[in-house]
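Content type JSON, C-alpha atoms and all ligand atoms, from the file protein17.json:
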[["chain", "number", "residue", "atom", "x", "y", "z"],
["A", 1, "MET", "CA", 17.55, -40.63, -4.50],
["A", 2, "ILE", "CA", 16.67, -41.40, -0.86],
["A", 3, "GLU", "CA", 17.20, -44.89, 0.49],
["A", 4, "LEU", "CA", 16.35, -45.72, 4.10],
["A", 5, "LYS", "CA", 17.28, -49.21, 5.23],
["A", 6, "ASP", "CA", 16.04, -50.72, 8.48],
["A", 7, "LEU", "CA", 16.10, -47.27, 10.08],
["A", 8, "ALA", "CA", 15.54, -47.44, 13.85],
["A", 9, "VAL", "CA", 15.50, -44.62, 16.40],
["A", 10, "THR", "CA", 14.93, -45.09, 20.12],
["A", 11, "PHE", "CA", 14.76, -42.21, 22.58],
["A", 12, "SER", "CA", 15.69, -42.50, 26.28],
["A", 13, "ARG", "CA", 16.84, -46.09, 25.81],
["A", 14, "GLY", "CA", 16.93, -48.15, 29.00],
["A", 15, "THR", "CA", 14.76, -45.73, 30.98],
["A", 16, "PRO", "CA", 11.05, -45.90, 31.83],
["A", 17, "MET", "CA", 10.61, -43.21, 29.13],
["A", 18, "GLU", "CA", 12.03, -45.41, 26.38],
["A", 19, "THR", "CA", 10.31, -44.64, 23.06],
["A", 20, "ARG", "CA", 10.87, -46.59, 19.89],
["A", 21, "ALA", "CA", 10.12, -43.74, 17.49],
["A", 22, "LEU", "CA", 11.20, -45.61, 14.33],
["A", 23, "GLN", "CA", 11.22, -49.39, 14.32],
["A", 24, "GLY", "CA", 13.07, -50.46, 11.20],
["A", 25, "VAL", "CA", 11.79, -48.27, 8.36],
["A", 26, "ASP", "CA", 12.64, -49.31, 4.78],
["A", 27, "LEU", "CA", 11.86, -46.63, 2.22],
["A", 28, "SER", "CA", 13.12, -45.96, -1.27],
["A", 29, "ILE", "CA", 12.22, -42.66, -2.93],
["A", 30, "PRO", "CA", 13.29, -42.07, -6.53],
["A", 31, "ALA", "CA", 14.61, -38.65, -7.62],
["A", 32, "GLY", "CA", 11.86, -36.12, -8.20],
["A", 33, "GLN", "CA", 9.12, -38.01, -6.38],
["A", 34, "PHE", "CA", 6.76, -36.00, -4.14],
["A", 35, "VAL", "CA", 5.74, -38.16, -1.17],
["A", 36, "THR", "CA", 3.14, -37.14, 1.39],
["A", 37, "VAL", "CA", 3.51, -38.55, 4.91],
["A", 38, "ILE", "CA", 0.63, -38.96, 7.34],
["A", 39, "GLY", "CA", 0.28, -40.51, 10.78],
["A", 40, "SER", "CA", -1.18, -39.86, 14.21],
["A", 41, "ASN", "CA", 0.59, -37.87, 16.91],
["A", 42, "GLY", "CA", 3.79, -39.62, 17.89],
["A", 43, "ALA", "CA", 3.79, -41.91, 14.83],
["A", 44, "GLY", "CA", 7.39, -40.97, 14.04],
["A", 45, "LYS", "CA", 6.93, -38.47, 11.19],
["A", 46, "SER", "CA", 9.21, -35.73, 12.55],
["A", 47, "THR", "CA", 11.75, -38.32, 13.69],
["A", 48, "LEU", "CA", 11.85, -39.64, 10.14],
["A", 49, "LEU", "CA", 12.64, -36.15, 8.84],
["A", 50, "ASN", "CA", 15.15, -35.58, 11.66],
["A", 51, "ALA", "CA", 16.93, -38.82, 10.78],
["A", 52, "LEU", "CA", 17.12, -37.64, 7.18],
["A", 53, "THR", "CA", 18.57, -34.24, 8.07],
["A", 54, "GLY", "CA", 21.00, -35.73, 10.59],
["A", 55, "ASP", "CA", 19.38, -34.01, 13.59],
["A", 56, "VAL", "CA", 18.74, -37.47, 15.05],
["A", 57, "GLN", "CA", 21.21, -40.33, 14.81],
["A", 58, "PRO", "CA", 19.66, -43.76, 14.23],
["A", 59, "GLU", "CA", 20.67, -46.63, 16.48],
["A", 60, "ARG", "CA", 20.40, -48.95, 13.51],
["A", 61, "GLY", "CA", 20.04, -48.77, 9.75],
["A", 62, "SER", "CA", 21.26, -46.41, 7.08],
["A", 63, "VAL", "CA", 20.37, -43.24, 5.19],
["A", 64, "THR", "CA", 21.62, -42.98, 1.62],
["A", 65, "VAL", "CA", 21.15, -39.83, -0.47],
["A", 66, "GLY", "CA", 21.95, -39.82, -4.18],
["A", 67, "GLY", "CA", 23.94, -43.03, -3.80],
["A", 68, "THR", "CA", 26.07, -41.71, -0.89],
["A", 69, "ASP", "CA", 25.70, -43.22, 2.56],
["A", 70, "VAL", "CA", 25.26, -40.14, 4.79],
["A", 71, "THR", "CA", 24.30, -42.02, 7.98],
["A", 72, "GLY", "CA", 27.37, -40.80, 9.85],
["A", 73, "TRP", "CA", 27.18, -37.23, 8.50],
["A", 74, "SER", "CA", 26.29, -34.37, 10.84],
["A", 75, "ALA", "CA", 23.29, -32.11, 10.15],
["A", 76, "PRO", "CA", 25.50, -29.20, 8.92],
["A", 77, "ALA", "CA", 27.27, -31.59, 6.55],
["A", 78, "ARG", "CA", 23.91, -32.53, 5.03],
["A", 79, "ALA", "CA", 22.64, -28.94, 4.80],
["A", 80, "GLY", "CA", 23.73, -28.57, 1.19],
["A", 81, "LEU", "CA", 21.70, -31.64, 0.21],
["A", 82, "ILE", "CA", 18.50, -31.22, 2.17],
["A", 83, "ALA", "CA", 16.29, -28.21, 2.89],
["A", 84, "ARG", "CA", 13.42, -28.11, 5.37],
["A", 85, "VAL", "CA", 10.43, -25.91, 6.08],
["A", 86, "PHE", "CA", 8.89, -26.13, 9.54],
["A", 87, "GLN", "CA", 5.35, -25.72, 10.86],
["A", 88, "ASP", "CA", 6.24, -22.57, 12.76],
["A", 89, "PRO", "CA", 6.56, -19.64, 10.32],
["A", 90, "MET", "CA", 9.07, -18.11, 12.76],
["A", 91, "ALA", "CA", 11.36, -21.15, 12.66],
["A", 92, "GLY", "CA", 12.70, -20.91, 9.13],
["A", 93, "SER", "CA", 13.93, -17.32, 9.10],
["A", 94, "CYS", "CA", 15.43, -14.65, 11.34],
["A", 95, "GLU", "CA", 12.94, -11.94, 12.21],
["A", 96, "ALA", "CA", 15.58, -9.32, 13.08],
["A", 97, "LEU", "CA", 17.13, -9.54, 9.60],
["A", 98, "SER", "CA", 15.67, -8.12, 6.39],
["A", 99, "ILE", "CA", 14.00, -10.26, 3.74],
["A", 100, "GLU", "CA", 17.07, -9.75, 1.58],
["A", 101, "GLU", "CA", 19.50, -10.76, 4.33],
["A", 102, "ASN", "CA", 17.45, -13.86, 5.10],
["A", 103, "MET", "CA", 17.45, -14.85, 1.45],
["A", 104, "ALA", "CA", 21.21, -14.22, 1.16],
["A", 105, "LEU", "CA", 21.85, -16.46, 4.15],
["A", 106, "ALA", "CA", 19.64, -19.16, 2.64],
["A", 107, "ALA", "CA", 21.49, -18.88, -0.67],
["A", 108, "ALA", "CA", 24.78, -19.43, 1.19],
["A", 109, "ARG", "CA", 23.49, -22.36, 3.27],
["A", 110, "GLY", "CA", 25.87, -25.27, 3.60],
["A", 111, "ARG", "CA", 28.87, -23.11, 2.69],
["A", 112, "ARG", "CA", 31.35, -21.47, 5.04],
["A", 113, "ARG", "CA", 30.61, -17.85, 4.30],
["A", 114, "GLY", "CA", 29.59, -14.75, 6.24],
["A", 115, "LEU", "CA", 26.48, -12.72, 5.63],
["A", 116, "GLY", "CA", 28.36, -9.79, 4.05],
["A", 117, "LEU", "CA", 29.99, -11.98, 1.46],
["A", 118, "ALA", "CA", 26.74, -13.85, 0.90],
["A", 119, "LEU", "CA", 24.95, -10.57, 0.25],
["A", 120, "ARG", "CA", 27.64, -9.32, -2.10],
["A", 121, "ARG", "CA", 27.65, -12.50, -4.11],
["A", 122, "ALA", "CA", 23.96, -13.11, -4.14],
["A", 123, "SER", "CA", 22.03, -11.40, -6.83],
["A", 124, "ARG", "CA", 19.54, -8.89, -5.51],
["A", 125, "GLU", "CA", 17.75, -9.17, -8.83],
["A", 126, "GLN", "CA", 17.42, -12.92, -8.40],
["A", 127, "PHE", "CA", 15.75, -12.41, -5.00],
["A", 128, "ARG", "CA", 13.43, -9.80, -6.46],
["A", 129, "ASP", "CA", 12.43, -12.12, -9.31],
["A", 130, "LYS", "CA", 11.75, -15.01, -6.93],
["A", 131, "LEU", "CA", 9.69, -12.83, -4.60],
["A", 132, "LYS", "CA", 7.71, -11.46, -7.52],
["A", 133, "GLN", "CA", 6.56, -14.98, -8.35],
["A", 134, "LEU", "CA", 4.76, -15.11, -5.01],
["A", 135, "GLY", "CA", 2.40, -12.34, -6.12],
["A", 136, "LEU", "CA", 2.47, -10.83, -2.62],
["A", 137, "GLY", "CA", 4.26, -7.59, -3.49],
["A", 138, "LEU", "CA", 7.26, -8.57, -1.38],
["A", 139, "GLU", "CA", 9.69, -7.74, -4.19],
["A", 140, "ALA", "CA", 9.25, -4.09, -3.20],
["A", 141, "ARG", "CA", 10.05, -4.86, 0.45],
["A", 142, "LEU", "CA", 13.53, -6.41, 0.28],
["A", 143, "ALA", "CA", 14.80, -4.18, 3.09],
["A", 144, "ASP", "CA", 11.85, -4.84, 5.43],
["A", 145, "ARG", "CA", 12.50, -6.88, 8.54],
["A", 146, "MET", "CA", 11.23, -10.45, 8.26],
["A", 147, "GLY", "CA", 9.41, -9.94, 11.57],
["A", 148, "LEU", "CA", 7.02, -7.51, 9.87],
["A", 149, "LEU", "CA", 5.56, -10.19, 7.58],
["A", 150, "SER", "CA", 2.39, -12.16, 8.30],
["A", 151, "GLY", "CA", 2.66, -15.88, 9.03],
["A", 152, "GLY", "CA", 1.59, -16.81, 5.50],
["A", 153, "GLN", "CA", 3.97, -14.34, 3.84],
["A", 154, "ARG", "CA", 6.76, -15.59, 6.04],
["A", 155, "GLN", "CA", 6.04, -19.22, 5.22],
["A", 156, "ALA", "CA", 5.97, -18.42, 1.50],
["A", 157, "VAL", "CA", 9.38, -16.72, 1.82],
["A", 158, "SER", "CA", 10.67, -19.68, 3.91],
["A", 159, "LEU", "CA", 9.68, -21.97, 1.06],
["A", 160, "LEU", "CA", 11.55, -19.78, -1.42],
["A", 161, "MET", "CA", 14.55, -19.68, 0.89],
["A", 162, "ALA", "CA", 14.55, -23.45, 1.28],
["A", 163, "THR", "CA", 14.70, -23.89, -2.47],
["A", 164, "LEU", "CA", 17.17, -21.12, -3.41],
["A", 165, "GLN", "CA", 20.08, -23.52, -3.54],
["A", 166, "PRO", "CA", 20.45, -26.22, -6.14],
["A", 167, "MET", "CA", 19.78, -28.89, -3.50],
["A", 168, "LYS", "CA", 17.53, -31.72, -4.44],
["A", 169, "ILE", "CA", 15.59, -32.76, -1.34],
["A", 170, "LEU", "CA", 12.84, -30.72, 0.26],
["A", 171, "LEU", "CA", 11.31, -31.69, 3.61],
["A", 172, "LEU", "CA", 8.05, -30.02, 4.61],
["A", 173, "ASP", "CA", 7.10, -30.59, 8.24],
["A", 174, "GLU", "CA", 3.40, -29.63, 8.46],
["A", 175, "HIS", "CA", 4.45, -26.33, 6.89],
["A", 176, "THR", "CA", 0.87, -25.09, 6.42],
["A", 177, "ALA", "CA", -0.58, -26.27, 9.75],
["A", 178, "ALA", "CA", -0.25, -22.88, 11.45],
["A", 179, "LEU", "CA", -1.91, -20.95, 8.61],
["A", 180, "ASP", "CA", -5.56, -20.08, 7.99],
["A", 181, "PRO", "CA", -7.21, -22.30, 5.32],
["A", 182, "LYS", "CA", -6.95, -19.77, 2.48],
["A", 183, "THR", "CA", -3.30, -18.96, 3.16],
["A", 184, "ALA", "CA", -2.54, -22.68, 3.63],
["A", 185, "GLN", "CA", -4.03, -23.35, 0.20],
["A", 186, "PHE", "CA", -1.90, -20.60, -1.31],
["A", 187, "VAL", "CA", 1.30, -22.00, 0.25],
["A", 188, "LEU", "CA", 0.36, -25.53, -0.87],
["A", 189, "GLU", "CA", -0.15, -24.37, -4.47],
["A", 190, "LEU", "CA", 3.17, -22.56, -4.29],
["A", 191, "THR", "CA", 4.74, -25.77, -2.97],
["A", 192, "ASP", "CA", 3.37, -27.79, -5.90],
["A", 193, "ALA", "CA", 4.69, -25.22, -8.38],
["A", 194, "ILE", "CA", 8.20, -25.05, -6.84],
["A", 195, "VAL", "CA", 8.49, -28.84, -6.48],
["A", 196, "ALA", "CA", 7.43, -29.36, -10.10],
["A", 197, "ALA", "CA", 9.63, -26.58, -11.52],
["A", 198, "GLN", "CA", 12.75, -27.71, -9.64],
["A", 199, "ARG", "CA", 11.94, -31.44, -9.82],
["A", 200, "LEU", "CA", 12.62, -31.75, -6.11],
["A", 201, "THR", "CA", 12.48, -35.01, -4.24],
["A", 202, "THR", "CA", 9.98, -34.04, -1.56],
["A", 203, "LEU", "CA", 8.56, -35.41, 1.66],
["A", 204, "MET", "CA", 5.60, -33.45, 3.01],
["A", 205, "VAL", "CA", 4.28, -34.30, 6.46],
["A", 206, "THR", "CA", 0.66, -33.39, 6.96],
["A", 207, "HIS", "CA", -2.06, -34.07, 9.49],
["A", 208, "SER", "CA", -4.70, -34.08, 6.80],
["A", 209, "MET", "CA", -5.46, -37.25, 4.84],
["A", 210, "ARG", "CA", -7.23, -35.12, 2.23],
["A", 211, "GLN", "CA", -4.17, -32.93, 1.76],
["A", 212, "ALA", "CA", -1.98, -36.03, 1.55],
["A", 213, "LEU", "CA", -4.05, -37.31, -1.36],
["A", 214, "ASP", "CA", -4.34, -33.96, -3.13],
["A", 215, "HIS", "CA", -0.58, -33.39, -3.35],
["A", 216, "GLY", "CA", 2.34, -35.44, -4.60],
["A", 217, "SER", "CA", 2.17, -38.84, -6.26],
["A", 218, "ARG", "CA", 2.70, -41.20, -3.34],
["A", 219, "THR", "CA", 1.39, -41.37, 0.22],
["A", 220, "ILE", "CA", 2.88, -43.26, 3.13],
["A", 221, "MET", "CA", 1.35, -43.61, 6.54],
["A", 222, "LEU", "CA", 3.48, -44.10, 9.63],
["A", 223, "HIS", "CA", 2.06, -45.82, 12.67],
["A", 224, "GLU", "CA", 4.04, -46.54, 15.85],
["A", 225, "GLY", "CA", 7.33, -46.08, 14.04],
["A", 226, "ARG", "CA", 6.53, -48.33, 11.10],
["A", 227, "ILE", "CA", 5.11, -47.83, 7.62],
["A", 228, "ALA", "CA", 1.44, -48.81, 7.87],
["A", 229, "PHE", "CA", 0.82, -48.39, 4.14],
["A", 230, "ASP", "CA", 2.49, -47.00, 1.05],
["A", 231, "VAL", "CA", 0.36, -46.14, -2.00],
["A", 232, "ALA", "CA", 1.43, -44.64, -5.30],
["A", 233, "GLY", "CA", 0.56, -44.48, -8.99],
["A", 234, "LYS", "CA", -2.61, -46.12, -10.25],
["A", 235, "ALA", "CA", -3.42, -47.64, -6.84],
["A", 236, "ARG", "CA", -3.56, -44.11, -5.38],
["A", 237, "GLU", "CA", -5.55, -42.43, -8.14],
["A", 238, "GLY", "CA", -9.12, -41.75, -7.15],
["A", 239, "LEU", "CA", -8.57, -42.73, -3.52],
["A", 240, "ASP", "CA", -10.57, -40.86, -0.91],
["A", 241, "VAL", "CA", -10.11, -40.53, 2.85],
["A", 242, "PRO", "CA", -12.31, -43.60, 3.65],
["A", 243, "ASP", "CA", -10.11, -45.65, 1.30],
["A", 244, "LEU", "CA", -7.02, -44.64, 3.28],
["A", 245, "LEU", "CA", -8.79, -45.60, 6.50],
["A", 246, "ALA", "CA", -9.67, -48.98, 4.98],
["A", 247, "LEU", "CA", -6.03, -49.47, 3.89],
["A", 248, "PHE", "CA", -4.93, -48.71, 7.44],
["A", 249, "SER", "CA", -7.45, -51.10, 9.07],
["A", 250, "ARG", "CA", -6.57, -53.87, 6.63],
["A", 251, "GLY", "CA", -2.87, -53.57, 7.46],
["A", 252, "GLN", "CA", -3.24, -53.07, 11.21],
["A", 253, "GLY", "CA", -6.29, -55.21, 11.91],
["A", 254, "SER", "CA", -7.92, -52.30, 13.74],
["A", 255, "ALA", "CA", -9.56, -48.97, 12.92],
["A", 256, "LEU", "CA", -7.67, -45.69, 13.20],
["A", 257, "ALA", "CA", -8.37, -43.93, 16.49],
["A", 258, "ASP", "CA", -7.38, -40.41, 15.46],
["A", 259, "ASP", "CA", -10.01, -38.02, 14.15],
["A", 260, "SER", "CA", -7.49, -35.23, 13.55],
["A", 261, "LEU", "CA", -6.22, -37.01, 10.43],
["A", 262, "LEU", "CA", -9.73, -36.91, 8.99],
["A", 263, "LEU", "CA", -10.58, -33.37, 9.96],
["A", 264, "GLY", "CA", -7.31, -31.69, 9.04],
["B", 1, "LIG", "N1", 13.97, -35.74, 21.37],
["B", 1, "LIG", "C1", 13.11, -36.63, 21.83],
["B", 1, "LIG", "N2", 13.29, -37.18, 23.05],
["B", 1, "LIG", "C2", 12.45, -38.11, 23.54],
["B", 1, "LIG", "N3", 11.37, -38.59, 22.87],
["B", 1, "LIG", "C3", 11.14, -38.07, 21.65],
["B", 1, "LIG", "C4", 11.99, -37.06, 21.07],
["B", 1, "LIG", "N4", 11.50, -36.76, 19.84],
["B", 1, "LIG", "C5", 10.41, -37.52, 19.65],
["B", 1, "LIG", "N5", 10.19, -38.31, 20.73],
["B", 1, "LIG", "C6", 9.11, -39.29, 20.87],
["B", 1, "LIG", "O1", 9.18, -40.16, 19.74],
["B", 1, "LIG", "C7", 7.87, -40.49, 19.28],
["B", 1, "LIG", "C8", 7.72, -40.03, 17.83],
["B", 1, "LIG", "O2", 7.72, -38.62, 17.82],
["B", 1, "LIG", "P1", 7.61, -37.76, 16.48],
["B", 1, "LIG", "O3", 7.79, -36.33, 16.88],
["B", 1, "LIG", "O4", 8.51, -38.31, 15.45],
["B", 1, "LIG", "O5", 6.11, -38.06, 16.05],
["B", 1, "LIG", "P2", 5.20, -37.30, 14.97],
["B", 1, "LIG", "O6", 4.60, -38.38, 14.13],
["B", 1, "LIG", "O7", 6.00, -36.27, 14.28],
["B", 1, "LIG", "O8", 4.09, -36.68, 15.90],
["B", 1, "LIG", "P3", 3.29, -35.30, 15.82],
["B", 1, "LIG", "O9", 2.29, -35.46, 14.74],
["B", 1, "LIG", "O10", 2.66, -35.21, 17.16],
["B", 1, "LIG", "O11", 4.28, -34.20, 15.56],
["B", 1, "LIG", "C9", 6.90, -39.77, 20.22],
["B", 1, "LIG", "O12", 6.49, -40.68, 21.21],
["B", 1, "LIG", "C10", 7.74, -38.66, 20.82],
["B", 1, "LIG", "O13", 7.29, -38.32, 22.11]]

Will you turn the file into structure tokens for me?
Amino acid sequence: MIELKDLAVTFSRGTPMETRALQGVDLSIPAGQFVTVIGSNGAGKSTLLNALTGDVQPERGSVTVGGTDVTGWSAPARAGLIARVFQDPMAGSCEALSIEENMALAAARGRRRGLGLALRRASREQFRDKLKQLGLGLEARLADRMGLLSGGQRQAVSLLMATLQPMKILLLDEHTAALDPKTAQFVLELTDAIVAAQRLTTLMVTHSMRQALDHGSRTIMLHEGRIAFDVAGKAREGLDVPDLLALFSRGQGSALADDSLLLG
């Protein structure tokens, strides 16, 4: 489903600020696989997602989605294929618009269509049904401004919005990091349910090794723009955080110097 070949991204090339954010990443993700992505600050996680969405152009390598080479495609051209939920609950929706208007826009994503037409065509009932599944009572608040919702409610709606279209790839960029632990757990459970029901090919970036093991079926760790390890299936079952640390040290020849990955 997703095929990254020798993907390399360098920022500020030729300046003292030159950063090799991705240094030749090879990654093949079959359709429907849920991959969790961990790594220290600056490891290249967001850049990997940005290269997938087309927000960052690689200097080398290719991005293939569903057998089509999309490396040269712009971000808007890829919008119908890939949806993303960000860390900031404010980033995925427009606070001045109502819940219904936000959902209508999301349903029309990737198509050339105005909000009015999107609203007319979109089924209000469909939105209500989807919102009902959240169990937050939002189905009775379709006309409320998005800005009135709490961070957790907003993130739950962002997740629904990201998966309204029949697209197949979901990118989650630390989408629960700004939420309190209980709300984060709720949004993670919702994520698992949506990913399973829609059989989405998913990459979830997280700062928590525990979370990375508890969700999905494969975990990759990025370190300095490269894949430090990649575990799936039987080899991943029963792994705990110390096992991931051991995998990292074995591959890198040194221990991980980032407590945040353990504490998250
Ligand atoms: N637009 C940009 N311009 C210049 N440098 C950038 C840009 N985006 C990312 N970088 C640099 O590229 C490297 C990788 O950044 P990236 O955001 O992908 O890391 P990350 O693993 O997502 O980190 P974090 O966990 O802190 O979000 C970092 O050194 C970062 O400073």

Handout entry: Residue nearest ligand LIG 1 (chain B) - candidates A:Lys45, A:His215, A:His175, A:Arg124, atoms counted: all atoms listed in the file
Key =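 Using all atoms listed in the file, ligand LIG 1 (chain B) sits closest to A:Lys45.
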
Exercise for the section: Rank nothing, just name the residue among A:Pro16, A:Pro30, A:Gly135, A:Gly61 nearest to ligand LIG 1 (chain B), using only C-alpha atoms and all ligand atoms. Expected result: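 Among the listed residues, A:Pro16 lies closest to ligand LIG 1 (chain B).
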
Exercise for the section: Excluding Leu7 (chain A) and residues on its chain fewer than 6 positions from it, collect all residues at most 7 Å away from it, counting all atoms listed in the file, and give them as an MDAnalysis selection string. Expected result: chainID A and resid 22:26 58 60:62

Which chains and residue numbers are within 10 Å of ligand LIG 1 (chain B), counting only C-alpha atoms and all ligand atoms, if I want them as a compact mmCIF listing (two decimals) with C-alpha atoms, keeping the file's coordinate frame?
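What landed in pocket-v1.txt:
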# COMPACT_ATOMS: atom_id res chain seq x y z
CA VAL A 9 15.50 -44.62 16.40
CA THR A 10 14.93 -45.09 20.12
CA PHE A 11 14.76 -42.21 22.58
CA SER A 12 15.69 -42.50 26.28
CA ARG A 13 16.84 -46.09 25.81
CA MET A 17 10.61 -43.21 29.13
CA GLU A 18 12.03 -45.41 26.38
CA THR A 19 10.31 -44.64 23.06
CA ARG A 20 10.87 -46.59 19.89
CA ALA A 21 10.12 -43.74 17.49
CA LEU A 22 11.20 -45.61 14.33
CA VAL A 37 3.51 -38.55 4.91
CA ILE A 38 0.63 -38.96 7.34
CA GLY A 39 0.28 -40.51 10.78
CA SER A 40 -1.18 -39.86 14.21
CA ASN A 41 0.59 -37.87 16.91
CA GLY A 42 3.79 -39.62 17.89
CA ALA A 43 3.79 -41.91 14.83
CA GLY A 44 7.39 -40.97 14.04
CA LYS A 45 6.93 -38.47 11.19
CA SER A 46 9.21 -35.73 12.55
CA THR A 47 11.75 -38.32 13.69
CA LEU A 48 11.85 -39.64 10.14
CA LEU A 49 12.64 -36.15 8.84
CA ASN A 50 15.15 -35.58 11.66
CA ALA A 51 16.93 -38.82 10.78
CA ASP A 55 19.38 -34.01 13.59
CA VAL A 56 18.74 -37.47 15.05
CA GLN A 87 5.35 -25.72 10.86
CA ASP A 173 7.10 -30.59 8.24
CA GLU A 174 3.40 -29.63 8.46
CA VAL A 205 4.28 -34.30 6.46
CA THR A 206 0.66 -33.39 6.96
CA HIS A 207 -2.06 -34.07 9.49
CA MET A 221 1.35 -43.61 6.54
CA LEU A 222 3.48 -44.10 9.63
CA HIS A 223 2.06 -45.82 12.67
CA GLU A 224 4.04 -46.54 15.85
CA GLY A 225 7.33 -46.08 14.04
CA SER A 260 -7.49 -35.23 13.55
CA LEU A 261 -6.22 -37.01 10.43

Problem - Spatial neighbours of Ala96 (chain A), 12 Å, all atoms listed in the file, chain gap at least 3 places, as a PyMOL selection string - result: chain A and resi 90+93+99-102+143-149

Handout entry: Residues within 12 Å of Gln153 (chain A), only C-alpha atoms, excluding chain neighbours under 2 positions, as a PyMOL selection string
Key = chain A and resi 89-90+93+99+131+134-139+141+146-151+155-160+176+179-180+183-184+186-187+190

Problem - Spatial neighbours of Gln126 (chain A), max dist 12 Å, only C-alpha atoms, sep filter under 3 positions, as a PyMOL selection string - result: chain A and resi 100+103-104+107+119+121-123+129-133+139+142+160-161+164-165

Handout entry: Thr163 (chain A) surroundings by all atoms listed in the file, 10 Å radius, close-in-sequence under 4 positions cut, as an MDAnalysis selection string
Key = chainID A and resid 82:85 106:107 157:159 167:170 194:195 198 200
